[in-house]
Each structure stands twice: as C-alpha cells, then as structure tokens.
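Undergrad: Next comes upload06.cif, mmCIF, C-alpha atoms and all ligand atoms:
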```cif
data_my_file
#
loop_
_atom_site.label_atom_id
_atom_site.label_comp_id
_atom_site.auth_asym_id
_atom_site.auth_seq_id
_atom_site.Cartn_x
_atom_site.Cartn_y
_atom_site.Cartn_z
CA MET A 1 53.16 104.58 116.79
CA THR A 2 50.66 102.35 118.60
CA PHE A 3 48.42 99.82 116.93
CA ASP A 4 45.08 98.32 117.84
CA ARG A 5 45.37 95.68 115.14
CA GLN A 6 48.00 92.94 114.90
CA VAL A 7 47.94 93.02 111.10
CA SER A 8 48.85 96.71 111.06
CA ARG A 9 51.73 96.10 113.43
CA MET A 10 53.07 93.16 111.42
CA LEU A 11 52.91 95.07 108.15
CA HIS A 12 54.41 98.17 109.75
CA GLU A 13 57.35 96.17 111.14
CA GLU A 14 58.03 94.67 107.72
CA HIS A 15 57.77 98.10 106.10
CA MET A 16 60.44 99.38 108.50
CA GLN A 17 62.69 96.39 107.73
CA ALA A 18 62.27 96.84 103.98
CA ALA A 19 62.85 100.60 104.26
CA ALA A 20 66.06 99.99 106.24
CA LEU A 21 67.24 97.56 103.57
CA MET A 22 66.49 100.12 100.84
CA GLU A 23 68.43 102.77 102.81
CA ARG A 24 71.40 100.40 103.00
CA LEU A 25 71.11 99.71 99.29
CA GLY A 26 70.86 103.43 98.51
CA GLY A 27 73.97 104.04 100.62
CA ALA A 28 75.89 101.36 98.72
CA LEU A 29 74.83 102.87 95.38
CA ALA A 30 76.03 106.27 96.56
CA ARG A 31 79.42 104.83 97.60
CA HIS A 32 79.81 102.83 94.40
CA GLY A 33 78.83 104.78 91.32
CA PRO A 34 77.88 103.08 88.02
CA SER A 35 81.55 102.85 86.98
CA ASN A 36 82.82 101.69 90.40
CA PRO A 37 81.48 98.20 91.23
CA PRO A 38 82.09 96.89 94.78
CA GLY A 39 84.84 94.29 94.89
CA ALA A 40 84.46 90.69 96.02
CA ASP A 41 86.29 91.61 99.26
CA ASP A 42 83.79 94.34 100.22
CA ALA A 43 82.32 92.88 103.43
CA ALA A 44 79.55 95.47 103.82
CA PHE A 45 78.37 94.85 100.30
CA ALA A 46 78.58 91.08 100.74
CA SER A 47 76.22 91.25 103.70
CA LEU A 48 73.86 93.60 101.86
CA ARG A 49 73.94 91.21 98.93
CA ARG A 50 72.85 88.29 101.13
CA ASP A 51 70.03 90.24 102.77
CA LEU A 52 68.87 91.56 99.43
CA GLY A 53 68.98 88.10 97.84
CA ASP A 54 66.63 86.82 100.55
CA ALA A 55 64.31 89.81 100.51
CA LEU A 56 63.88 90.58 96.82
CA VAL A 57 61.76 87.61 96.03
CA GLY A 58 61.19 85.95 99.43
CA GLU A 59 60.13 88.45 102.09
CA ILE A 60 58.93 91.20 99.77
CA GLU A 61 56.97 88.76 97.64
CA ARG A 62 55.22 87.23 100.66
CA HIS A 63 54.31 90.67 101.97
CA PHE A 64 52.89 91.79 98.62
CA ARG A 65 50.96 88.49 98.24
CA PHE A 66 49.35 88.89 101.64
CA GLU A 67 48.29 92.45 100.86
CA GLU A 68 46.91 91.54 97.45
CA ASP A 69 45.35 88.15 98.18
CA GLU A 70 44.00 88.69 101.70
CA LEU A 71 44.04 92.25 102.85
CA PHE A 72 42.88 94.29 99.85
CA PRO A 73 39.90 91.97 99.16
CA ALA A 74 38.95 92.17 102.87
CA LEU A 75 39.04 95.97 102.73
CA GLU A 76 37.05 95.98 99.50
CA ALA A 77 34.41 93.70 101.04
CA ARG A 78 34.07 96.32 103.78
CA GLY A 79 33.47 99.13 101.29
CA GLU A 80 37.08 100.34 101.10
CA GLY A 81 38.06 99.28 97.60
CA ASP A 82 39.86 102.41 96.34
CA LEU A 83 43.33 101.81 97.63
CA GLY A 84 43.92 98.14 96.70
CA PRO A 85 44.09 98.49 92.91
CA LEU A 86 46.53 101.39 93.10
CA LEU A 87 48.84 99.58 95.51
CA THR A 88 48.57 96.34 93.51
CA GLU A 89 49.65 98.24 90.40
CA GLU A 90 52.68 99.57 92.25
CA HIS A 91 53.60 96.01 93.35
CA ALA A 92 53.38 94.85 89.72
CA SER A 93 55.50 97.75 88.47
CA MET A 94 58.34 96.72 90.82
CA LEU A 95 58.37 93.03 89.82
CA PRO A 96 60.61 93.20 86.71
CA ALA A 97 63.32 95.11 88.60
CA ARG A 98 63.13 92.72 91.58
CA LEU A 99 63.54 89.67 89.35
CA ARG A 100 66.31 91.18 87.27
CA LEU A 101 68.23 92.39 90.33
CA ARG A 102 68.06 88.94 91.83
CA ALA A 103 69.30 87.40 88.57
CA LEU A 104 72.21 89.88 88.50
CA LEU A 105 73.08 88.99 92.11
CA GLN A 106 73.01 85.28 91.29
CA ALA A 107 75.13 85.73 88.16
CA GLY A 108 78.04 87.16 90.16
CA GLN A 109 78.42 84.12 92.39
CA ASP A 110 81.99 84.96 93.40
CA GLY A 111 80.74 88.24 94.86
CA SER A 112 81.90 90.59 92.14
CA PHE A 113 80.09 92.25 89.25
CA ALA A 114 81.10 92.42 85.61
CA PRO A 115 81.22 96.14 84.66
CA ASP A 116 78.07 95.94 82.47
CA ALA A 117 76.18 94.00 85.10
CA TRP A 118 77.00 96.61 87.74
CA VAL A 119 75.82 99.47 85.49
CA GLU A 120 72.48 97.69 85.08
CA PHE A 121 72.31 96.74 88.75
CA HIS A 122 73.02 100.33 89.77
CA ARG A 123 70.26 101.75 87.58
CA LEU A 124 67.60 99.17 88.52
CA ALA A 125 68.47 99.21 92.21
CA GLY A 126 68.25 103.02 92.25
CA GLU A 127 64.77 102.80 90.72
CA LEU A 128 63.70 100.13 93.19
CA VAL A 129 64.94 102.10 96.20
CA GLU A 130 62.90 105.07 95.06
CA SER A 131 59.71 103.21 94.18
CA LEU A 132 59.69 100.89 97.20
CA LEU A 133 60.34 103.72 99.67
CA SER A 134 57.55 105.78 98.13
CA HIS A 135 55.23 102.74 98.18
CA ILE A 136 55.97 102.08 101.85
CA GLU A 137 55.41 105.73 102.70
CA LYS A 138 52.02 105.61 100.95
CA GLU A 139 50.98 102.48 102.84
CA GLU A 140 52.12 103.87 106.17
CA VAL A 141 50.09 107.03 105.60
CA ALA A 142 46.99 105.55 103.99
CA LEU A 143 46.81 101.75 104.32
CA ILE A 144 47.78 101.22 107.95
CA PRO A 145 45.24 103.76 109.28
CA LEU A 146 42.59 102.22 107.02
CA ILE A 147 43.26 98.75 108.44
CA GLU A 148 43.00 100.17 111.95
CA GLU A 149 39.62 101.73 111.15
CA THR A 150 38.17 98.94 109.06
CA LEU A 151 39.15 95.53 110.44
CA ASP A 152 37.40 94.38 113.59
CA ALA A 153 39.33 92.43 116.20
CA GLU A 154 38.03 89.07 115.05
CA ALA A 155 38.98 89.56 111.39
CA ASP A 156 42.31 90.97 112.52
CA ALA A 157 43.09 87.87 114.59
CA ARG A 158 42.19 85.62 111.66
CA PHE A 159 44.41 87.49 109.21
CA ALA A 160 47.27 87.82 111.66
CA GLU A 161 47.26 84.08 112.29
CA ALA A 162 47.12 83.27 108.57
CA TYR A 163 49.96 85.65 107.86
CA ALA A 164 52.09 84.37 110.74
CA MET A 165 51.67 80.83 109.37
CA ALA A 166 52.86 81.96 105.95
CA ARG A 167 56.05 83.48 107.37
FE FE B 1 53.06 96.81 102.53
FE FE B 2 52.27 97.04 99.32
#
```
Output the file's structure as structure tokens, nothing else.
Ligand SMILES: [Fe+2]
Ligand SMILES: [Fe+2]
TA:
Amino acid sequence: MTFDRQVSRMLHEEHMQAAALMERLGGALARHGPSNPPGADDAAFASLRRDLGDALVGEIERHFRFEEDELFPALEARGEGDLGPLLTEEHASMLPARLRLRALLQAGQDGSFAPDAWVEFHRLAGELVESLLSHIEKEEVALIPLIEETLDAEADARFAEAYAMAR
C-alpha cells in the first residue's frame, strides 16, 4: 500500500502493530484454553504479557485519542462526519475490556493466573481480539482512504507533527 498522507501511514503502521499483537494474543488463547492457564515459566506468554500491558492502555489509548480528538473532528469539518461517531462508539465499547484485562495482568504479578482470573481473562481477551481486529479492518477499508482523499498536505503535516509529538 502506498500513502500520500503521513497521517494515513502512521495510523496504518499502528494498525498493523496492533493487529499483530491481537494475532499473538489469539494464538495464546488457542494454546491455553479457559481451564489451562499459562504457567509463570511460559516465556512466550511472559513476553506477550509485557507487550500487552504496554499497549492496552498506552499505545491503543493514544491512537484512539488522536482519532477522536483530532482526526474525526477534522474530517467532520471537511464534510465527512459519518464515520467518526461509529468508530468512536467502537472505541468506547472496547474500553471496559481493555481496563479489566490490564487489571488482571497486574494482579498476577508473579506471572501466573489464578484459575478464575484466567477464565475471565480468556473470555475478555477473546472478545477484544475479535472487536479490535474488526475495528482495524473497518478503518483500513474506510478511514484510511477517506484521510487520503480529504486531508490536504498542509493539514496532514500539521496533524502528523502533533501526533508524532504525542508519541
Ligand atoms: Fe485506528
Ligand atoms: Fe479507531
């Protein structure tokens, strides 16, 4: 894919990173069913756990904030206001699971899960994988092309700089 706008490229790169993380998470959920929590000595899960801990509220939150606070209003001001509310609603619907998953990760500080905590983690993580992948797919198909069509080079440079500063 080639991009004329820096903002599209930045968002696309983050979408690919988040999708890869969700694929890793989905793989871990497939390997460890609800009654089979990963042990504290599971190195692959420990690294997933670290990456997830950083992304759930840090990287994903910053990405959502930029879309909601900067990008969607800019598109609306240019007569393209249909997509923002729908995507904002999807962000909001994922928040409780993101917060709860992070809390469950923090609770098992020694790297293992209590059986009940893993059952809950497994269910919520499965839901998040599904909803975030579908959200990313929607944005790749509809939002990225809209940014390419709608933002001129000057607005693009302004937003890209603001977003780079926030990273
Ligand atoms: Fe996005
Ligand atoms: Fe989004």
Undergrad: Let me make sure I understand: among A:Glu137, A:Gln106, A:Ala153, A:His91, which one has the smallest atom-to-atom distance to A:Arg62 if we use all atoms listed in the file?
TA: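 Of A:Glu137, A:Gln106, A:Ala153, A:His91, the one nearest A:Arg62, counting all atoms listed in the file, is A:His91.
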Undergrad: For A:Phe72, which residue among A:Asp152, A:Thr88, A:Glu161, A:Glu14 is the nearest when counting all atoms listed in the file?
TA: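 Counting all atoms listed in the file, the residue closest to A:Phe72 is A:Thr88.
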Undergrad: Pick from A:Glu61, A:Ala74, A:Ala107, A:Leu83: nearest to A:Arg158, with all atoms listed in the file counted?
TA: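 Counting all atoms listed in the file, the residue closest to A:Arg158 is A:Ala74.
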Undergrad: Between A:Glu127, A:Asp156, A:Glu76, A:Asp69, which has the minimum distance to ligand FE 2 (chain B) (counting only C-alpha atoms and all ligand atoms)?
TA: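 Counting only C-alpha atoms and all ligand atoms, the residue closest to ligand FE 2 (chain B) is A:Asp69.
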Undergrad: With only C-alpha atoms and all ligand atoms as the basis for distance, which of A:Ile136, A:Leu95, A:Ala43, A:Ala77 is at the shortest distance from ligand FE 1 (chain B)?
TA: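 Nearest to ligand FE 1 (chain B): A:Ile136.
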